[in-house]
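Here's the structure, in structure tokens; my notes come after.
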There are 2 protein chains.
Amino acid sequence: MRLTQGKWWIALMLLLHTQCFASELLTQKQRFDIPEFTTFGGKTIKQLQVGYESYGTLNADKSNVVLITHFFSGSSHAAGKYQPEDEAPGYWDAIIGPGKAIDTNKFFVLSVDSLVNFNAHDPNVITTGPATINPDTGKPWGLAFPVVTIRDFVNVQKALLESLGITKLYAVAGPSMGSMQALEWATTYPDWVPRMISVIGAGQSDAWTVAALEQWGLPIKLDPNWNNGDYYSSEPPLAGLTTGLMLLTQQALYPDFINSSNPQHQSLEEGPLADIHQSHQVVNWLRGMAQARAKVTDANHMLYLIRASQLFLAGQDKPLAEAMQQVKAKTLFIPASHDLLLMPYLAEQPHKALLAAGKNSTLVPIVGPMGHLDGVANINQVAEQIQRFLMQD
Amino acid sequence: MRLTQGKWWIALMLLLHTQCFASELLTQKQRFDIPEFTTFGGKTIKQLQVGYESYGTLNADKSNVVLITHFFSGSSHAAGKYQPEDEAPGYWDAIIGPGKAIDTNKFFVLSVDSLVNFNAHDPNVITTGPATINPDTGKPWGLAFPVVTIRDFVNVQKALLESLGITKLYAVAGPSMGSMQALEWATTYPDWVPRMISVIGAGQSDAWTVAALEQWGLPIKLDPNWNNGDYYSSEPPLAGLTTGLMLLTQQALYPDFINSSNPQHQSLEEGPLADIHQSHQVVNWLRGMAQARAKVTDANHMLYLIRASQLFLAGQDKPLAEAMQQVKAKTLFIPASHDLLLMPYLAEQPHKALLAAGKNSTLVPIVGPMGHLDGVANINQVAEQIQRFLMQD
């Protein structure tokens with residue numbers, strides 16, 4: 001069975017019993033090439049490639065573009081299906097489509113696979129990162145790949161937009177690491193961005209978040225198969241990657257969800273009581289999801305995504321409050337009340353800084369049982385607010 | 001420099017700038033032996049040894065015993081100093097001592113090193129676990145050591161109390177894993193326990209907590225030096241242990257504390273931007289504390305403590321609500337409002353079950369910047385409530 005990005009979501013969604021898997025949209029992956037790309041850190045990436053998807057139609061004056069920026073473990077598959085028989089549509093299908101909050105009858109919705117994408121081995125993802133062949137050496141980059149930042153993700157998207165003759169967005173919206181890109185867009189290219197939606201987001205990664213993100217990558221480095229990032233002609237560090245993904249998965253959730261999926265025991269579990277080598281049922285459940293996910297993920301890509309997220313500071317060159325003065329967009333912040341990964345205070349920081357700078361900013365929380373993932377799985381809760389926000393001048 | 005348990009606390013306490021390191025108490029470690037101990041799981045441990053400390057004087061009718069049960073990474077060093085020049089006193093020195101909330105002028109306060117104690121290589125800790133020589137083989141037990149439970153910790157304490165001619169406690173109190181022991185005492189030996197104080201505690205480890213605890217041990221198993229628990233004649237798995245301790249430390253804290261100790265950056269940190277091998281300052285800070293701590297800790301002991309904590313269900317043989325009907329103690333629950341490790345709902349469960357069963361139970365939260373560790377570092381906040389509770393009939 002081919003394990004694609006969708007599988008993991010399906011496992012979660014089926015447990016949640018709330019998601020409708022029907023989608024009226026069909027989409028396909030396209031490819032964008034940049035012969036030579038210079039990173040924010042001043043390094044060069046040759047023959048850069050990324051995948052992208054679009055939903056809806058670009059209008060004549062190219063004024064109806066909504067850019068969707070994806071989360072850490074996501075891809076450009078934001079909505080629709082590749083084939084009608086796909087098990088799950090893109091992650092925000094609940095709000096992207098004909099007649100939906102981000103209405104593809106009105107908007108040309110575009111989404112781009114990030115650099116160093118998490119789903120490096122998903123056949124539906126096109127990305128450039130440590131697992132990619134470095135044209136100068138003919139071998140995978142490994143850790144010789146330059147550190148990339150949220151600004152670099154944005155600059156790749158901007159290059160694609162410009163190649164399509166687009167010079168301004170109608171709006172940019174994204175969850176989690178996608179919110180970082182959305183705010184980076186609004187801060188660094190304010191003339192491009194009249195409307196920005198940050199879901200389960202932040203204005204910068206504070207020390208707490210930098211440390212929390214680091215924890216996901218440390219197990220990878222303990223796996224002897226990691227071999228300092230040089231494993232492309234040997235066994236990949238799946239055990240370390242699986243451990244990192246177990247942590248990522250739990251931190252993206254909330255007790256209510258994990259407990260409702262794994263009822264409390266009424267007596268001690270026999271296996272773990274009898275034998276230190278055995279695990280509790282909930283551990284096997286979490287490990288099973290992480291193991292399936294590890295097969296489409298590249299460990300080095302995860303380390304680079306962690307680094308890009310750790311380095312995040314909107315604007316990248318000044319304190320957040322100053323950077324927010326540059327923003328011209330109306331902004332909508334949508335934290336998840338039970339978020340343990342990017343807690344609501346992280347969305348409140350840029351929101352308050354924008355208000356202090358006299359900008360038009362709104363904050364609407366999602367309340368749900370899933371924690372961080374409510375920003376993806378329960379985004380339908382705020383569909384009306386998103387629709388209204390997009391209809392404002 | 002000898003690294004003892006105190007060092008880690010000192011690092012945290014100095015950062016917090018709130019703890020007074022003076023103590024009027026001097027104490028010493030004593031040893032208790034059990035020739036043959038049968039675990040809850042039915043296995044035998046021969047020549048069991050644990051350390052204990054006491055503060056105050058046992059009265060003539062042995063009716064003034066307050067048992068203090070320690071947290072996951074703690075030991076029986078609950079109060080006082082071994083030498084006047086020690087840098088830090090025991091962890092709850094703020095509330096244990098002459099004239100303090102747990103007044104050693106009135107009470108005989110006793111505390112016992114747990115089985116499989118975290119601080120196996122601290123010269124001030126006496127414990128029995130995987131790092132101990134198995135008298136049947138003449139070699140360290142390693143993973144042949146039986147799984148032990150919170151009940152076993154309690155039964156060792158009970159054997160010690162009985163050896164001192166004590167047949168009833170005045171009260172039992174403990175933070176975190178110590179709260180598990182306190183409630184296990186009140187549930188399984190209700191005639192012994194007229195008063196119980198659970199600080200940053202729980203009534204059982206739910207699926208969320210079982211999974212969260214597992215995450216601390218997974219890095220150990222990835223370290224090749226762990227060698228399936230058989231490392232006592234080779235290099236110990238310090239890298240894996242350090243990674244597990246970094247996670248434990250962060251989960252026991254809260255953003256406010258880590259951020260105030262590591263101010264937000266105003267631009268991107270140069271090292272991590274230039275080089276994927278470099279770490280952010282907060283990561284180095286966290287790693288430094290964990291590395292120091294790893295030197296007195298045994299990796300297998302940590303795995304066994306994780307298992308004991310995962311298996312926790314007060315009473316160990318029936319649903320929590322039923323078990324609470326057995327309790328005869330007045331109970332006081334003190335969750336920390338910002339606790340991310342054992343969130344307040346976990347203390348509310350037994351508290352509400354006790355009220356529903358018609359028992360006398362009170363809940364008073366601590367509000368602080370440290371999260372879970374507020375139950376140790378900021379226990380002085382609830383000193384009055386503890387003192388009043390102990391004075392009630």
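Naming works like this for the structure tokens: A, B, ... for the chains as they're shown, residue 1 at the start of each chain, ligands 1 onward in shown order.
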
Would you list which chain B residues are within 7 Å of chain A using only C-alpha atoms, as a PyMOL selection string? chain B and resi 41+147+206-208+211+215+218-219+222-223+240+243+247+255+258-259+262+264+266-268+273-276+282-283+311+316-319

Could you save the residues just selected, with N, CA, C and O atoms, as a compact mmCIF listing (two decimals), in the first residue's frame?
# COMPACT_ATOMS: atom_id res chain seq x y z
N GLY B 41 3.52 -6.99 41.01
CA GLY B 41 3.45 -7.90 39.86
C GLY B 41 3.86 -9.33 40.21
O GLY B 41 3.87 -10.20 39.31
N VAL B 147 9.38 -4.96 36.69
CA VAL B 147 8.59 -3.72 36.64
C VAL B 147 8.05 -3.46 38.05
O VAL B 147 7.55 -4.37 38.70
N ASP B 206 -3.72 9.08 32.60
CA ASP B 206 -4.58 8.83 31.45
C ASP B 206 -3.73 8.60 30.20
O ASP B 206 -2.50 8.66 30.25
N ALA B 207 -4.38 8.31 29.09
CA ALA B 207 -3.66 7.97 27.86
C ALA B 207 -2.69 9.08 27.46
O ALA B 207 -1.56 8.83 27.06
N TRP B 208 -3.13 10.34 27.58
CA TRP B 208 -2.28 11.47 27.26
C TRP B 208 -0.98 11.42 28.07
O TRP B 208 0.11 11.59 27.54
N ALA B 211 1.38 8.53 27.19
CA ALA B 211 2.12 8.82 25.96
C ALA B 211 3.21 9.87 26.22
O ALA B 211 4.35 9.73 25.75
N GLN B 215 7.55 9.49 25.88
CA GLN B 215 8.45 10.30 25.03
C GLN B 215 9.79 10.55 25.72
O GLN B 215 10.81 10.69 25.05
N LEU B 218 12.03 7.28 25.05
CA LEU B 218 12.33 6.82 23.69
C LEU B 218 13.74 7.22 23.23
O LEU B 218 14.43 6.41 22.59
N PRO B 219 14.22 8.43 23.53
CA PRO B 219 15.58 8.79 23.09
C PRO B 219 16.65 7.87 23.70
O PRO B 219 17.66 7.59 23.05
N LEU B 222 17.19 4.89 21.62
CA LEU B 222 17.83 5.14 20.32
C LEU B 222 19.35 5.22 20.44
O LEU B 222 20.05 5.07 19.45
N ASP B 223 19.83 5.48 21.65
CA ASP B 223 21.27 5.63 21.84
C ASP B 223 21.92 4.25 21.77
O ASP B 223 21.60 3.36 22.56
N GLY B 240 21.43 9.82 24.78
CA GLY B 240 19.99 9.55 24.80
C GLY B 240 19.35 10.05 26.08
O GLY B 240 18.26 10.63 26.08
N THR B 243 18.95 13.80 26.00
CA THR B 243 17.81 14.19 25.17
C THR B 243 16.49 13.98 25.93
O THR B 243 15.61 14.86 25.93
N LEU B 247 13.70 17.01 27.31
CA LEU B 247 12.25 16.98 27.12
C LEU B 247 11.53 17.05 28.46
O LEU B 247 10.58 17.83 28.63
N PRO B 255 6.13 28.36 29.21
CA PRO B 255 6.79 29.41 28.41
C PRO B 255 7.26 30.62 29.20
O PRO B 255 8.38 31.10 28.99
N ILE B 258 10.75 29.92 30.70
CA ILE B 258 11.84 29.74 29.73
C ILE B 258 12.07 31.04 28.96
O ILE B 258 13.22 31.41 28.68
N ASN B 259 11.02 31.77 28.65
CA ASN B 259 11.19 33.02 27.91
C ASN B 259 11.82 34.13 28.75
O ASN B 259 12.59 34.94 28.23
N ASN B 262 15.39 33.45 28.73
CA ASN B 262 16.00 33.50 27.39
C ASN B 262 15.24 34.52 26.56
O ASN B 262 14.31 34.19 25.82
N GLN B 264 13.58 37.14 23.97
CA GLN B 264 13.29 37.00 22.54
C GLN B 264 14.36 37.68 21.71
O GLN B 264 14.85 38.74 22.05
N GLN B 266 15.91 39.74 18.57
CA GLN B 266 15.47 40.91 17.81
C GLN B 266 15.85 40.79 16.34
O GLN B 266 15.48 41.61 15.52
N SER B 267 16.63 39.78 16.05
CA SER B 267 16.95 39.44 14.66
C SER B 267 17.33 37.97 14.69
O SER B 267 17.38 37.36 15.75
N LEU B 268 17.59 37.38 13.54
CA LEU B 268 17.85 35.94 13.52
C LEU B 268 19.20 35.64 14.16
O LEU B 268 20.18 36.36 13.94
N LEU B 273 21.55 30.34 11.77
CA LEU B 273 21.23 30.75 10.40
C LEU B 273 22.32 30.30 9.44
O LEU B 273 22.06 29.87 8.31
N ALA B 274 23.57 30.36 9.90
CA ALA B 274 24.70 30.06 9.02
C ALA B 274 24.95 28.56 8.89
O ALA B 274 25.44 28.10 7.87
N ASP B 275 24.58 27.79 9.92
CA ASP B 275 25.09 26.42 9.99
C ASP B 275 24.06 25.50 10.64
O ASP B 275 23.69 25.70 11.79
N ILE B 276 23.63 24.49 9.90
CA ILE B 276 22.62 23.56 10.42
C ILE B 276 23.13 22.81 11.65
O ILE B 276 22.34 22.35 12.48
N VAL B 282 18.93 29.03 23.50
CA VAL B 282 18.05 28.38 24.47
C VAL B 282 18.25 26.87 24.46
O VAL B 282 18.13 26.21 25.50
N VAL B 283 18.59 26.34 23.30
CA VAL B 283 18.83 24.89 23.20
C VAL B 283 20.11 24.53 23.96
O VAL B 283 20.14 23.53 24.70
N LEU B 311 1.84 3.37 34.76
CA LEU B 311 0.89 2.37 35.27
C LEU B 311 -0.02 2.93 36.36
O LEU B 311 -0.97 2.27 36.77
N GLN B 316 -5.04 0.69 42.08
CA GLN B 316 -4.44 -0.26 41.12
C GLN B 316 -5.36 -1.39 40.66
O GLN B 316 -4.91 -2.24 39.89
N ASP B 317 -6.61 -1.43 41.09
CA ASP B 317 -7.41 -2.60 40.68
C ASP B 317 -8.86 -2.30 40.34
O ASP B 317 -9.64 -3.22 40.16
N LYS B 318 -9.23 -1.02 40.25
CA LYS B 318 -10.62 -0.72 39.91
C LYS B 318 -10.69 0.71 39.36
O LYS B 318 -9.74 1.48 39.50
N PRO B 319 -11.82 1.07 38.73
CA PRO B 319 -11.94 2.43 38.21
C PRO B 319 -11.74 3.46 39.32
O PRO B 319 -12.09 3.20 40.48

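DSSP on the backbone gives strand (DSSP E) for these parts of stretch 151-292 of chain A: A:Ala171, A:Val172, A:Ala173, A:Gly174, A:Pro175, A:Arg195, A:Met196, A:Ile197, A:Ser198, A:Val199.
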
Saved selection, atoms kept: C-alpha atoms, as a short mmCIF file (atom, residue, chain, number, x, y, z; two decimals), in the first residue's frame:
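Saved to out-v1.cif:
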data_model
loop_
_atom_site.label_atom_id
_atom_site.label_comp_id
_atom_site.auth_asym_id
_atom_site.auth_seq_id
_atom_site.Cartn_x
_atom_site.Cartn_y
_atom_site.Cartn_z
CA ALA A 171 -5.03 37.50 0.26
CA VAL A 172 -2.59 35.11 1.87
CA ALA A 173 -3.65 32.54 4.47
CA GLY A 174 -2.01 29.62 6.20
CA PRO A 175 -2.01 27.49 9.34
CA ARG A 195 -5.38 40.73 3.53
CA MET A 196 -3.64 38.15 5.68
CA ILE A 197 -5.07 35.26 7.70
CA SER A 198 -2.86 33.60 10.32
CA VAL A 199 -4.30 30.36 11.70
#

List the spatial neighbours of B:Val296 as an mmCIF file with all heavy atoms, in the first residue's frame - criterion: any atom at most 6 Å away, only C-alpha atoms, same-chain residues fewer than 4 positions off excluded.
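Listing of result-v6.cif after writing:
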data_model
loop_
_atom_site.group_PDB
_atom_site.id
_atom_site.type_symbol
_atom_site.label_atom_id
_atom_site.label_comp_id
_atom_site.auth_asym_id
_atom_site.auth_seq_id
_atom_site.Cartn_x
_atom_site.Cartn_y
_atom_site.Cartn_z
ATOM 1 N N ASN B 119 18.147 9.274 40.782
ATOM 2 C CA ASN B 119 19.489 9.768 41.111
ATOM 3 C C ASN B 119 20.388 8.622 41.558
ATOM 4 O O ASN B 119 21.051 8.687 42.593
ATOM 5 C CB ASN B 119 19.375 10.821 42.207
ATOM 6 C CG ASN B 119 18.336 11.870 41.858
ATOM 7 O OD1 ASN B 119 18.584 12.732 41.031
ATOM 8 N ND2 ASN B 119 17.151 11.766 42.449
ATOM 9 N N HIS B 121 23.171 7.577 40.771
ATOM 10 C CA HIS B 121 24.606 7.799 40.943
ATOM 11 C C HIS B 121 24.913 9.017 41.817
ATOM 12 O O HIS B 121 26.043 9.492 41.860
ATOM 13 C CB HIS B 121 25.280 7.912 39.572
ATOM 14 C CG HIS B 121 24.990 6.720 38.711
ATOM 15 N ND1 HIS B 121 25.353 5.437 39.090
ATOM 16 C CD2 HIS B 121 24.340 6.595 37.531
ATOM 17 C CE1 HIS B 121 24.942 4.580 38.163
ATOM 18 N NE2 HIS B 121 24.320 5.261 37.207
ATOM 19 N N ASP B 122 23.898 9.510 42.506
ATOM 20 C CA ASP B 122 24.107 10.548 43.501
ATOM 21 C C ASP B 122 24.538 9.852 44.790
ATOM 22 O O ASP B 122 23.823 8.984 45.297
ATOM 23 C CB ASP B 122 22.786 11.308 43.711
ATOM 24 C CG ASP B 122 22.920 12.471 44.693
ATOM 25 O OD1 ASP B 122 23.762 12.377 45.619
ATOM 26 O OD2 ASP B 122 22.181 13.448 44.543
#

How far is it from atom CA of A:Ser63 to atom CA of A:Gly201, in Å with one decimal? 25.9 Å

Just the number, please: distance in Å from atom CA of B:Gln387 to atom CA of B:Ser73, one decimal.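 Atom CA of B:Ser73 lies 25.5 Å from atom CA of B:Gln387.
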
Near B:Arg31, within 10 Å and counting only C-alpha atoms, which residues show up once chain neighbours fewer than 4 positions away are dropped, as a ChimeraX atom specification? /B:49-53,112-113,125-127,160

Which is closer to A:Lys106 than all the others in A:Ser179, A:Asn64, A:Asn134, A:Ser163, using only C-alpha atoms?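 Of the candidates, the smallest distance to A:Lys106 is held by A:Asn64.
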
Mind pulling up the distance from atom CA of A:Ala329 to atom CA of A:Leu183? 9.5 Å

Name all residues at most 8 Å from stretch 347-354 of chain B (count only C-alpha atoms; drop same-chain ones fewer than 4 positions away) and give them as a compact mmCIF listing (two decimals) with all heavy atoms, in the first residue's frame.
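Done, and the output landed in around00.txt:
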# COMPACT_ATOMS: atom_id res chain seq x y z
N SER B 198 -2.04 16.16 47.92
CA SER B 198 -1.56 15.85 46.56
C SER B 198 -1.21 17.16 45.87
O SER B 198 -2.07 18.00 45.63
CB SER B 198 -2.67 15.14 45.79
OG SER B 198 -2.47 15.25 44.39
N ILE B 200 0.46 19.11 42.51
CA ILE B 200 0.66 18.87 41.06
C ILE B 200 0.47 17.39 40.74
O ILE B 200 1.31 16.75 40.12
CB ILE B 200 2.04 19.39 40.56
CG1 ILE B 200 3.20 18.94 41.46
CG2 ILE B 200 2.02 20.90 40.43
CD1 ILE B 200 4.61 19.29 40.91
N GLY B 201 -0.72 16.88 41.12
CA GLY B 201 -0.93 15.44 41.09
C GLY B 201 -2.02 14.95 40.16
O GLY B 201 -2.57 15.69 39.34
N ALA B 202 -2.34 13.69 40.33
CA ALA B 202 -3.30 12.99 39.48
C ALA B 202 -3.91 11.83 40.26
O ALA B 202 -3.37 11.41 41.29
CB ALA B 202 -2.63 12.46 38.23
N GLY B 203 -5.04 11.34 39.74
CA GLY B 203 -5.66 10.14 40.30
C GLY B 203 -5.29 8.90 39.51
O GLY B 203 -5.34 7.78 40.00
N LEU B 320 -11.21 4.62 38.94
CA LEU B 320 -10.85 5.64 39.92
C LEU B 320 -12.01 6.03 40.83
O LEU B 320 -11.84 6.14 42.05
CB LEU B 320 -10.32 6.88 39.17
CG LEU B 320 -9.85 8.03 40.06
CD1 LEU B 320 -8.66 7.63 40.90
CD2 LEU B 320 -9.52 9.27 39.22
N ALA B 321 -13.20 6.21 40.27
CA ALA B 321 -14.35 6.67 41.06
C ALA B 321 -14.67 5.66 42.17
O ALA B 321 -15.00 6.04 43.30
CB ALA B 321 -15.56 6.89 40.16
N MET B 324 -11.93 5.73 44.94
CA MET B 324 -12.00 6.89 45.84
C MET B 324 -12.97 6.65 46.99
O MET B 324 -12.87 7.29 48.05
CB MET B 324 -12.36 8.16 45.05
CG MET B 324 -11.27 8.67 44.12
SD MET B 324 -9.67 9.00 44.93
CE MET B 324 -8.81 7.46 44.65
N GLN B 325 -13.93 5.73 46.80
CA GLN B 325 -14.86 5.43 47.89
C GLN B 325 -14.16 4.79 49.09
O GLN B 325 -14.67 4.83 50.21
CB GLN B 325 -15.98 4.51 47.37
CG GLN B 325 -16.83 5.19 46.31
CD GLN B 325 -17.82 4.25 45.64
OE1 GLN B 325 -18.08 3.16 46.13
NE2 GLN B 325 -18.36 4.68 44.50
N VAL B 327 -11.29 5.74 50.32
CA VAL B 327 -10.45 6.72 51.02
C VAL B 327 -11.14 7.19 52.31
O VAL B 327 -12.33 7.49 52.31
CB VAL B 327 -10.15 7.92 50.09
CG1 VAL B 327 -9.45 9.04 50.84
CG2 VAL B 327 -9.32 7.46 48.90
N THR B 331 -8.70 15.24 52.18
CA THR B 331 -7.71 15.40 51.11
C THR B 331 -7.62 16.86 50.67
O THR B 331 -8.61 17.59 50.68
CB THR B 331 -8.08 14.52 49.90
OG1 THR B 331 -9.42 14.78 49.52
CG2 THR B 331 -7.94 13.05 50.23
N PHE B 333 -5.95 18.92 47.38
CA PHE B 333 -5.31 18.85 46.07
C PHE B 333 -4.81 20.24 45.68
O PHE B 333 -5.55 21.21 45.78
CB PHE B 333 -6.30 18.33 45.02
CG PHE B 333 -6.65 16.89 45.20
CD1 PHE B 333 -7.70 16.51 46.04
CD2 PHE B 333 -5.92 15.89 44.58
CE1 PHE B 333 -8.02 15.17 46.24
CE2 PHE B 333 -6.22 14.56 44.76
CZ PHE B 333 -7.27 14.19 45.61
N ILE B 334 -3.56 20.29 45.25
CA ILE B 334 -2.92 21.57 44.90
C ILE B 334 -2.32 21.47 43.49
O ILE B 334 -1.14 21.18 43.34
CB ILE B 334 -1.84 21.95 45.94
CG1 ILE B 334 -2.45 21.98 47.35
CG2 ILE B 334 -1.21 23.30 45.58
CD1 ILE B 334 -1.44 22.24 48.47
N PRO B 335 -3.14 21.65 42.45
CA PRO B 335 -2.58 21.67 41.09
C PRO B 335 -1.89 23.01 40.81
O PRO B 335 -2.15 23.99 41.51
CB PRO B 335 -3.82 21.51 40.20
CG PRO B 335 -4.94 22.10 41.01
CD PRO B 335 -4.60 21.85 42.46
N MET B 343 -1.68 18.28 33.91
CA MET B 343 -2.56 19.46 33.86
C MET B 343 -3.58 19.40 35.00
O MET B 343 -3.90 18.32 35.50
CB MET B 343 -3.26 19.51 32.51
CG MET B 343 -2.31 19.74 31.35
SD MET B 343 -3.25 20.00 29.82
CE MET B 343 -2.00 19.56 28.61
N GLY B 358 -18.89 11.70 48.80
CA GLY B 358 -19.23 12.27 50.11
C GLY B 358 -18.05 12.53 51.02
O GLY B 358 -18.20 12.69 52.23
N LYS B 359 -16.85 12.57 50.45
CA LYS B 359 -15.65 12.77 51.26
C LYS B 359 -15.34 14.26 51.41
O LYS B 359 -15.86 15.10 50.67
CB LYS B 359 -14.44 12.08 50.61
CG LYS B 359 -14.68 10.67 50.14
CD LYS B 359 -14.77 9.68 51.29
CE LYS B 359 -15.00 8.27 50.73
NZ LYS B 359 -15.07 7.26 51.81
N ASN B 360 -14.42 14.56 52.33
CA ASN B 360 -13.99 15.93 52.60
C ASN B 360 -12.75 16.22 51.75
O ASN B 360 -11.65 15.76 52.07
CB ASN B 360 -13.67 16.04 54.09
CG ASN B 360 -13.21 17.44 54.49
OD1 ASN B 360 -12.71 18.19 53.66
ND2 ASN B 360 -13.39 17.77 55.75
N SER B 361 -12.91 16.93 50.66
CA SER B 361 -11.79 17.23 49.77
C SER B 361 -11.76 18.70 49.40
O SER B 361 -12.83 19.31 49.19
CB SER B 361 -11.87 16.38 48.50
OG SER B 361 -10.69 16.55 47.73
N THR B 362 -10.58 19.27 49.33
CA THR B 362 -10.40 20.68 48.99
C THR B 362 -9.40 20.78 47.85
O THR B 362 -8.47 19.97 47.78
CB THR B 362 -9.84 21.46 50.21
OG1 THR B 362 -10.67 21.19 51.34
CG2 THR B 362 -9.79 22.95 49.95
N LEU B 363 -9.59 21.77 47.00
CA LEU B 363 -8.64 21.99 45.90
C LEU B 363 -8.24 23.46 45.88
O LEU B 363 -9.10 24.34 45.86
CB LEU B 363 -9.26 21.56 44.56
CG LEU B 363 -8.32 21.56 43.34
CD1 LEU B 363 -8.65 20.41 42.39
CD2 LEU B 363 -8.40 22.90 42.59

Which residues are near B:Ile366? Cut-off 12 Å, only C-alpha atoms, ignore same chain within fewer than 5 positions. Put them as a ChimeraX atom specification. /B:199-200,333-339,344,371-383,385

Would you please give, as a ChimeraX atom specification, all residues of stretch 190-299 of chain B that DSSP assigns to alpha helix (DSSP H) based on the backbone? /B:207-222,238-251,255-261,270-274,281-294,299

Have a look at B:Arg388, B:Ile306, B:Leu58, B:Ala252 and name the one nearest to B:Met370; count only C-alpha atoms.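 Closest candidate: B:Ala252.
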